[in-house]
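Shown next: entry_3.cif, given as mmCIF, C-alpha atoms.
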```
data_data
#
loop_
_atom_site.label_atom_id
_atom_site.label_comp_id
_atom_site.auth_asym_id
_atom_site.auth_seq_id
_atom_site.Cartn_x
_atom_site.Cartn_y
_atom_site.Cartn_z
CA MET A 415 132.45 128.69 65.01
CA THR A 416 130.32 125.70 64.12
CA SER A 417 126.89 125.41 65.58
CA THR A 418 125.74 122.15 67.02
CA ALA A 419 122.21 120.87 66.85
CA SER A 420 120.33 121.23 70.09
CA THR A 421 119.62 117.97 71.83
CA GLU A 422 117.04 119.47 74.15
CA LYS A 423 113.59 117.97 73.90
CA PRO A 424 110.76 120.37 73.06
CA ARG A 425 108.79 121.44 76.11
CA LEU A 426 105.29 120.07 76.41
CA SER A 427 102.36 122.43 76.72
CA ALA A 428 100.15 122.43 79.82
CA LYS A 429 97.44 120.59 77.88
CA GLU A 430 99.86 117.89 76.78
CA VAL A 431 101.18 117.47 80.31
CA PHE A 432 97.64 117.18 81.69
CA GLY A 433 96.77 114.71 78.93
CA LYS A 434 99.72 112.49 79.85
CA ILE A 435 98.79 112.62 83.53
CA PHE A 436 95.12 111.91 82.82
CA HIS A 437 95.92 108.89 80.68
CA ASN A 438 98.30 107.46 83.27
CA GLN A 439 96.82 104.33 84.81
CA LEU A 440 97.59 105.57 88.33
CA PHE A 441 95.62 108.80 87.83
CA ILE A 442 92.14 107.64 88.92
CA PRO A 443 93.14 105.58 92.01
CA LEU A 444 95.49 108.35 93.19
CA VAL A 445 92.81 111.02 92.68
CA ALA A 446 90.32 108.84 94.59
CA LEU A 447 92.85 108.49 97.42
CA VAL A 448 93.45 112.26 97.52
CA LEU A 449 89.71 112.97 97.54
CA LEU A 450 89.23 110.61 100.48
CA VAL A 451 92.07 112.32 102.33
CA VAL A 452 90.60 115.80 101.69
CA PHE A 453 87.08 114.66 102.62
CA ASN A 454 88.21 113.16 105.92
CA LEU A 455 90.33 116.21 106.78
CA ALA A 456 87.35 118.46 106.10
CA THR A 457 84.85 116.43 108.12
CA ASP A 458 87.19 115.39 110.92
CA PRO A 459 90.56 117.19 111.27
CA GLY A 460 91.64 114.57 113.80
CA PHE A 461 90.99 111.66 111.45
CA PHE A 462 94.68 111.19 110.71
CA LYS A 463 95.86 111.62 114.28
CA VAL A 464 98.29 108.85 115.25
CA SER A 465 99.24 108.24 118.86
CA LEU A 466 101.08 105.72 121.03
CA GLU A 467 98.61 104.02 123.32
CA PRO A 468 98.63 100.79 125.34
CA ASN A 469 96.74 97.90 123.79
CA SER A 470 94.86 95.13 125.62
CA SER A 471 98.20 93.50 126.50
CA GLY A 472 99.60 96.71 127.96
CA ASN A 473 102.11 97.28 125.15
CA LEU A 474 102.48 100.72 123.58
CA VAL A 475 101.32 100.58 119.97
CA LEU A 476 100.43 103.04 117.25
CA SER A 477 96.70 103.69 117.07
CA GLY A 478 94.39 105.83 114.98
CA ASN A 479 92.19 105.64 111.89
CA LEU A 480 95.19 105.77 109.54
CA ILE A 481 96.90 102.84 111.29
CA THR A 482 93.66 100.86 111.27
CA MET A 483 93.21 101.49 107.55
CA ILE A 484 96.77 100.45 106.65
CA ASP A 485 96.57 97.42 108.94
CA TYR A 486 93.25 96.03 107.73
CA ALA A 487 94.12 96.69 104.09
CA SER A 488 96.93 94.13 104.37
CA GLU A 489 94.91 91.07 103.35
CA LEU A 490 93.24 92.93 100.49
CA VAL A 491 96.58 94.20 99.14
CA ILE A 492 98.08 90.69 99.21
CA LEU A 493 95.01 89.26 97.45
CA ALA A 494 95.14 92.03 94.84
CA ILE A 495 98.63 90.81 93.86
CA GLY A 496 97.44 87.32 92.98
CA MET A 497 94.11 88.48 91.54
CA THR A 498 95.90 90.87 89.16
CA LEU A 499 98.07 88.06 87.78
CA VAL A 500 95.10 85.70 87.40
CA THR A 501 93.06 88.40 85.66
CA SER A 502 95.94 89.23 83.31
CA ALA A 503 96.60 85.65 82.22
CA SER A 504 93.11 84.14 82.23
CA GLY A 505 90.89 87.09 81.40
CA GLY A 506 88.70 86.23 84.39
CA GLN A 507 88.60 86.35 88.16
CA ASP A 508 88.72 83.90 91.05
CA ILE A 509 85.61 84.32 93.22
CA SER A 510 86.59 81.53 95.61
CA VAL A 511 89.39 83.34 97.50
CA GLY A 512 87.21 84.12 100.52
CA ALA A 513 86.19 80.48 100.91
CA THR A 514 89.78 79.34 100.34
CA ILE A 515 90.97 81.73 103.07
CA ALA A 516 88.60 79.85 105.38
CA ILE A 517 90.23 76.56 104.30
CA ALA A 518 93.74 77.98 104.82
CA GLY A 519 92.87 79.35 108.25
CA SER A 520 91.20 76.12 109.30
CA THR A 521 94.28 74.15 108.19
CA ILE A 522 96.58 76.26 110.39
CA LEU A 523 94.27 75.98 113.39
CA ARG A 524 94.07 72.18 112.92
CA ILE A 525 97.80 71.96 113.75
CA VAL A 526 98.07 74.75 116.31
CA LYS A 527 95.14 73.59 118.43
CA THR A 528 96.81 70.23 119.13
CA GLN A 529 99.85 71.89 120.72
CA SER A 530 100.16 72.94 124.34
CA PRO A 531 100.39 76.68 125.05
CA ASP A 532 103.34 75.86 127.33
CA ILE A 533 105.73 74.78 124.56
CA SER A 534 109.05 76.61 124.35
CA GLY A 535 109.85 79.41 121.93
CA GLY A 536 111.83 77.18 119.58
CA GLN A 537 109.10 74.52 119.46
CA PHE A 538 106.46 77.21 118.94
CA ALA A 539 108.41 78.72 116.01
CA GLY A 540 108.77 75.26 114.45
CA MET A 541 105.05 74.60 114.88
CA ILE A 542 104.15 77.91 113.21
CA ILE A 543 106.52 77.24 110.29
CA VAL A 544 105.14 73.73 109.75
CA SER A 545 101.51 74.89 109.98
CA PHE A 546 102.12 77.78 107.60
CA LEU A 547 103.94 75.60 105.05
CA LEU A 548 101.11 73.06 105.14
CA CYS A 549 98.64 75.91 104.74
CA VAL A 550 100.58 77.17 101.68
CA PHE A 551 100.61 73.66 100.21
CA VAL A 552 96.86 73.20 100.69
CA SER A 553 96.00 76.64 99.31
CA ALA A 554 98.34 76.21 96.34
CA LEU A 555 96.71 72.83 95.68
CA PHE A 556 93.24 74.40 95.58
CA GLY A 557 94.65 77.17 93.40
CA ALA A 558 96.04 74.54 91.05
CA PHE A 559 92.60 72.87 91.01
CA ASN A 560 90.99 76.14 89.89
CA GLY A 561 93.81 76.75 87.42
CA ALA A 562 93.49 73.27 85.90
CA LEU A 563 89.76 73.79 85.29
CA VAL A 564 90.49 77.08 83.54
CA ALA A 565 93.66 76.11 81.65
CA PHE A 566 93.05 72.50 80.64
CA PHE A 567 89.26 72.22 80.60
CA LYS A 568 88.79 75.78 79.28
CA ILE A 569 86.08 76.64 81.81
CA GLN A 570 85.44 80.34 82.29
CA PRO A 571 87.29 81.40 85.51
CA MET A 572 84.24 82.64 87.44
CA VAL A 573 82.36 79.44 86.66
CA ALA A 574 85.36 77.24 87.51
CA THR A 575 85.94 78.97 90.86
CA LEU A 576 82.23 78.87 91.69
CA ILE A 577 82.81 75.27 92.84
CA LEU A 578 85.08 76.30 95.71
CA PHE A 579 83.03 79.45 96.31
CA THR A 580 80.10 77.14 97.09
CA ALA A 581 81.89 74.28 98.87
CA GLY A 582 84.98 75.95 100.37
CA ARG A 583 83.55 76.97 103.73
CA SER A 584 82.05 73.52 104.22
CA ILE A 585 85.49 72.02 103.54
CA ALA A 586 86.99 74.43 106.08
CA ALA A 587 84.46 73.33 108.71
CA TRP A 588 85.08 69.65 107.87
CA ILE A 589 88.84 70.05 108.49
CA ASN A 590 88.15 70.79 112.17
CA ASN A 591 84.99 68.68 112.52
CA ASN A 592 82.89 71.88 112.51
CA ASP A 593 84.34 72.88 115.90
CA ASN A 594 84.70 76.54 116.83
CA ILE A 595 88.45 76.61 117.41
CA SER A 596 89.97 79.13 119.81
CA ILE A 597 93.72 79.36 120.48
CA ASN A 598 94.69 80.43 123.99
CA ASP A 599 98.40 80.91 123.29
CA LYS A 600 98.79 84.70 122.97
CA ARG A 601 101.93 84.23 120.84
CA PHE A 602 99.75 83.00 117.99
CA GLY A 603 98.07 86.41 117.87
CA TYR A 604 101.35 88.24 117.23
CA PHE A 605 101.17 87.62 113.47
CA GLY A 606 97.78 89.30 113.05
CA ASN A 607 98.20 92.03 115.64
CA PHE A 608 101.34 93.35 117.33
CA ILE A 609 104.63 91.81 118.40
CA PRO A 610 105.53 93.08 121.90
CA GLY A 611 107.97 95.97 121.66
CA ILE A 612 107.06 96.79 118.03
CA PRO A 613 104.36 99.51 117.76
CA VAL A 614 103.56 98.81 114.07
CA PRO A 615 100.99 96.06 113.26
CA THR A 616 102.66 92.84 112.11
CA PRO A 617 100.44 92.47 108.97
CA VAL A 618 102.02 95.67 107.62
CA PHE A 619 105.45 94.01 107.63
CA ILE A 620 104.01 90.85 106.05
CA THR A 621 102.44 92.94 103.29
CA ILE A 622 105.69 94.78 102.60
CA LEU A 623 107.52 91.45 102.41
CA CYS A 624 104.96 90.08 99.93
CA LEU A 625 105.26 93.21 97.77
CA ILE A 626 109.06 92.94 97.74
CA VAL A 627 108.92 89.26 96.79
CA ILE A 628 106.48 89.78 93.91
CA ALA A 629 108.44 92.84 92.71
CA LEU A 630 111.62 90.74 92.55
CA VAL A 631 109.79 87.91 90.78
CA LEU A 632 108.41 90.27 88.14
CA LYS A 633 111.80 91.96 87.71
CA PHE A 634 113.98 88.87 87.39
CA THR A 635 111.60 86.47 85.64
CA ASN A 636 109.40 86.63 82.54
CA LEU A 637 106.19 86.18 84.52
CA ARG A 638 104.88 89.67 83.68
CA LEU A 639 105.63 89.29 79.97
CA TYR A 640 104.26 85.76 79.73
CA SER A 641 101.03 86.41 81.66
CA GLN A 642 100.31 89.55 79.64
CA SER A 643 101.05 87.76 76.36
CA VAL A 644 98.75 84.86 77.23
CA GLY A 645 96.01 87.26 78.32
CA ILE A 646 96.24 89.29 75.11
CA ASN A 647 96.43 86.37 72.68
CA ALA A 648 97.00 82.81 73.88
CA SER A 649 97.37 81.43 70.33
CA SER A 650 100.11 83.89 69.41
CA SER A 651 101.86 83.19 72.71
CA ARG A 652 101.90 79.48 71.90
CA LEU A 653 103.49 80.20 68.52
CA ASN A 654 106.20 82.18 70.34
CA GLY A 655 107.11 79.24 72.57
CA ILE A 656 104.99 80.13 75.62
CA ASN A 657 102.79 77.47 77.18
CA PRO A 658 99.49 79.30 77.95
CA LYS A 659 98.13 76.43 80.04
CA MET A 660 101.12 76.41 82.38
CA ILE A 661 101.12 80.20 82.71
CA LYS A 662 97.44 80.24 83.67
CA LEU A 663 97.99 77.38 86.09
CA LEU A 664 100.99 79.18 87.62
CA THR A 665 99.05 82.41 88.22
CA PHE A 666 96.29 80.50 90.04
CA VAL A 667 98.93 78.77 92.19
CA ILE A 668 100.47 82.16 93.05
CA LEU A 669 97.01 83.42 94.02
CA GLY A 670 96.66 80.31 96.20
CA ILE A 671 99.89 81.24 98.02
CA CYS A 672 98.57 84.78 98.53
CA VAL A 673 95.39 83.27 99.96
CA ALA A 674 97.45 81.19 102.40
CA VAL A 675 99.17 84.31 103.75
CA CYS A 676 95.80 86.07 104.10
CA GLY A 677 94.31 83.06 105.90
CA PHE A 678 97.23 83.02 108.33
CA ILE A 679 96.76 86.73 109.11
CA LYS A 680 92.98 86.40 109.44
CA VAL A 681 92.98 83.59 112.02
CA SER A 682 95.89 85.17 113.89
CA ARG A 683 93.93 88.41 114.34
CA THR A 684 91.25 86.70 116.44
CA SER A 685 93.03 83.42 117.34
CA SER A 686 89.83 81.70 116.21
CA ILE A 687 87.69 81.09 113.15
CA THR A 688 84.05 81.44 112.20
CA TYR A 689 83.69 79.51 108.97
CA SER A 690 80.70 81.38 107.56
CA VAL A 691 82.02 84.87 108.33
CA ILE A 692 85.79 84.87 107.87
CA ALA A 693 86.86 86.89 104.80
CA ASN A 694 83.23 87.27 103.77
CA ASN A 695 82.94 89.06 100.39
CA ILE A 696 86.67 89.79 100.29
CA GLU A 697 86.81 88.35 96.77
CA MET A 698 84.60 91.17 95.55
CA ASP A 699 86.89 93.79 97.09
CA ALA A 700 89.93 92.10 95.51
CA ILE A 701 88.32 92.17 92.07
CA LEU A 702 87.27 95.79 92.56
CA ALA A 703 90.85 96.69 93.56
CA VAL A 704 92.09 95.29 90.24
CA ALA A 705 89.40 97.15 88.30
CA LEU A 706 89.87 100.39 90.23
CA GLY A 707 93.55 100.23 89.33
CA GLY A 708 92.52 100.58 85.69
CA ASN A 709 93.45 97.02 84.76
CA SER A 710 91.33 95.35 82.11
CA LEU A 711 89.18 92.58 83.60
CA GLY A 712 89.40 90.89 80.19
CA GLY A 713 93.10 90.15 80.64
CA GLY A 714 96.31 91.40 79.11
CA LYS A 715 98.49 94.28 80.33
CA PHE A 716 98.42 95.07 84.02
CA ASN A 717 99.82 97.54 86.51
CA LEU A 718 100.38 95.92 89.90
CA THR A 719 101.07 99.25 91.62
CA ALA A 720 97.66 100.51 90.49
CA SER A 721 95.97 97.39 91.92
CA VAL A 722 97.72 97.89 95.27
CA ILE A 723 96.64 101.55 95.40
CA GLY A 724 93.13 100.43 94.46
CA ALA A 725 93.12 98.05 97.43
CA TYR A 726 94.11 100.85 99.79
CA VAL A 727 91.41 103.12 98.30
CA ILE A 728 88.74 100.48 98.95
CA GLN A 729 89.89 99.95 102.55
CA PHE A 730 90.15 103.73 103.05
CA LEU A 731 86.58 104.08 101.79
CA THR A 732 85.40 101.30 104.12
CA THR A 733 87.11 102.93 107.13
CA THR A 734 85.58 106.30 106.19
CA LEU A 735 82.07 104.87 105.94
CA TYR A 736 82.39 103.07 109.28
CA LYS A 737 83.27 106.41 110.86
CA PHE A 738 79.78 107.79 110.19
CA LYS A 739 77.42 106.52 112.85
CA GLU A 740 74.43 107.66 110.78
CA ILE A 741 75.21 104.94 108.23
CA ASP A 742 73.98 101.49 109.22
CA SER A 743 76.78 98.92 109.13
CA SER A 744 74.61 96.54 107.10
CA SER A 745 74.28 99.11 104.29
CA ILE A 746 77.96 100.07 104.08
CA SER A 747 78.54 97.59 101.25
CA ALA A 748 75.86 99.34 99.17
CA TYR A 749 77.43 102.78 99.69
CA LYS A 750 80.87 101.40 98.92
CA ALA A 751 79.62 99.66 95.78
CA VAL A 752 78.12 102.91 94.42
CA VAL A 753 81.33 104.88 94.94
CA VAL A 754 83.58 102.14 93.54
CA ILE A 755 81.35 101.62 90.48
CA LEU A 756 81.51 105.36 89.71
CA LEU A 757 85.30 105.32 90.01
CA ILE A 758 85.59 102.26 87.78
CA ILE A 759 83.31 103.80 85.14
CA ILE A 760 85.36 107.02 85.15
CA SER A 761 88.60 105.06 84.75
CA SER A 762 87.24 102.73 82.05
CA PRO A 763 88.73 102.87 78.51
CA PHE A 764 85.25 103.71 77.14
CA VAL A 765 85.00 106.93 79.18
CA ARG A 766 88.61 107.84 78.39
CA LYS A 767 87.83 107.38 74.67
CA LEU A 768 84.77 109.63 74.99
CA PHE A 769 86.94 112.26 76.64
CA ASP A 770 89.55 112.00 73.85
CA ASP A 771 86.88 112.19 71.13
CA PHE A 772 85.35 115.27 72.75
CA LYS A 773 88.79 116.91 73.03
CA ASN A 774 89.62 116.08 69.39
CA LYS A 775 86.30 117.51 68.17
CA ARG A 776 86.91 120.73 70.09
CA GLU A 777 90.40 121.07 68.68
CA ALA A 778 89.12 120.36 65.16
CA ALA A 779 86.36 122.96 65.58
CA LYS A 780 88.87 125.55 66.80
CA ALA A 781 91.21 124.81 63.86
CA GLU A 782 88.31 125.10 61.42
CA ALA A 783 87.16 128.39 62.94
CA LEU A 784 90.72 129.75 62.83
CA ALA A 785 91.09 128.72 59.17
CA GLY A 786 87.78 130.44 58.38
CA LYS A 787 89.00 133.69 59.94
CA GLU A 788 92.24 133.56 57.97
CA ASN A 789 90.35 133.03 54.70
CA THR A 790 88.16 136.02 55.33
#
```
Take the structure I supplied and represent it as structure tokens, if you would.
Amino acid sequence: MTSTASTEKPRLSAKEVFGKIFHNQLFIPLVALVLLVVFNLATDPGFFKVSLEPNSSGNLVLSGNLITMIDYASELVILAIGMTLVTSASGGQDISVGATIAIAGSTILRIVKTQSPDISGGQFAGMIIVSFLLCVFVSALFGAFNGALVAFFKIQPMVATLILFTAGRSIAAWINNNDNISINDKRFGYFGNFIPGIPVPTPVFITILCLIVIALVLKFTNLRLYSQSVGINASSSRLNGINPKMIKLLTFVILGICVAVCGFIKVSRTSSITYSVIANNIEMDAILAVALGGNSLGGGKFNLTASVIGAYVIQFLTTTLYKFKEIDSSSISAYKAVVVILLIIISSPFVRKLFDDFKNKREAAKAEALAGKENT
């Protein structure tokens, strides 16, 4: 009988398996998520209780801390999609997304407020579609403005987007003549809250749709490859037939579209807008979500799944902190910043390299000691 060579792969040791898991980009955000789950279960066993209860409109909807966390993470998850692409291609971040959300929301309300609450279902649907499309156009235009400053004028992204960060909320107020808009048509609130008869918050479905769309775009186009190539080395990308300026511009436009969706959800939640408060500091959370996902803030390779998990971790942390009445609401940002900074430091390449160097030194010391014993 002839023996055949075994095609089985050699089994990895426990250390090698742990090393692979530890170096996986999803490791830190997933561990942070698990720790938050364990902490909340230990401090409040009923934290994850979900029940069907009537809302203010009398409709039965799912309620509980878990539902609140998933619901209010929607805008942050959608922003993390666009922010990840911008970071990958440009090696910087857009700090104007909060102000641009105010512009997007104000644009929608500018159209909706002029319509009567008595219009029919078909007319209402048409009005919402038109207002949303105009909102997308305006937000994409502002995204293109930021992208042009970065791509064509070579301004550092944070500096370029500082313009809209400073002026965006004033532009939003100007769109509606600084009026405090309030929409009385309850149908407008369906998109940021609940649709009658559906117990799951509508923003959850919008988020899932956005994730499916971007997953299909990344799968069937070269956007992932091109944005990573430009972020790693724009000059080499140009030599390989990629236009770095257009790729950077495109990622900022995509972020603008994400901002439009977030603005629509934000104003629909309250059927109103407060220009100075809406989406306040959300740009910082979006950047932290990208960093917490282990993505390099200097551009290049990215993991969108890690950014999305990072967004949920940040919202989970926020919900957890709000649960403690001993913590003043004004200081929650400080507590959250400390925890997130620690997580980012742990997941940074520098710390991972220190861990690898320490492990290599230990293994070298063991090998040297073993060789010494054999010689004696």
Name the residues that the PyMOL selection byres ((chain A and resi 443-455) around 8) pulls out of this structure, and write them as an MDAnalysis selection string. chainID A and resid 440:442 456:462 706:707 720 723:724 727 730:731 734 757
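Closest approach to A:Phe551 from the set A:Ile760, A:Leu466, A:Val667, A:Ile589 is made by A:Val667, with distances taken over all atoms listed in the file.
The gap separating atom CA of A:Pro658 from atom CA of A:Gly645 is 8.7 Å, in Å to one decimal.
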Step by step, work through what the PyMOL selection byres ((chain A and resi 606-612) around 10) selects in the shown file, and finish by giving those residues as an MDAnalysis selection string. chainID A and resid 469 471:476 485:486 488 601:605 613:618 620 676 678:685
From the options A:Phe716, A:Phe579, A:Tyr689, A:Phe769, which residue's atoms come nearest to A:Thr498, counting all atoms listed in the file?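 That would be A:Phe716, the residue with the smallest distance to A:Thr498.
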Please provide as a PyMOL selection string all residues within 10 Å of A:Ile495, with the sequence filter that same-chain residues fewer than 5 positions apart are discarded (counting all atoms listed in the file). chain A and resi 490+500+624-625+628+668-669+672+700+703-704+718-719+721-722+725
With only C-alpha atoms as the atoms that count, which of A:Gly655, A:Gly708, A:Gly714, A:Gly557 lies nearest to A:Thr514? A:Gly557
Quick one: distance from atom CA of A:Val511 to atom CA of A:Val673 in Å, one decimal? 6.5 Å
With all atoms listed in the file as the basis for distance, which of A:Ser510, A:Ser686, A:Thr665, A:Ile622 is at the shortest distance from A:Lys527?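 Among the listed residues, the smallest separation from A:Lys527 belongs to A:Ser686.
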Looking at all atoms listed in the file, which of A:Ala781, A:Leu623, A:Ala693, A:Leu768 is the one that sits closest to A:Ile492?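 So, comparing all the options, the nearest one is A:Leu623.
Between atom CA of A:Leu578 and atom CA of A:Ile517 lies a distance of 10.0 Å.
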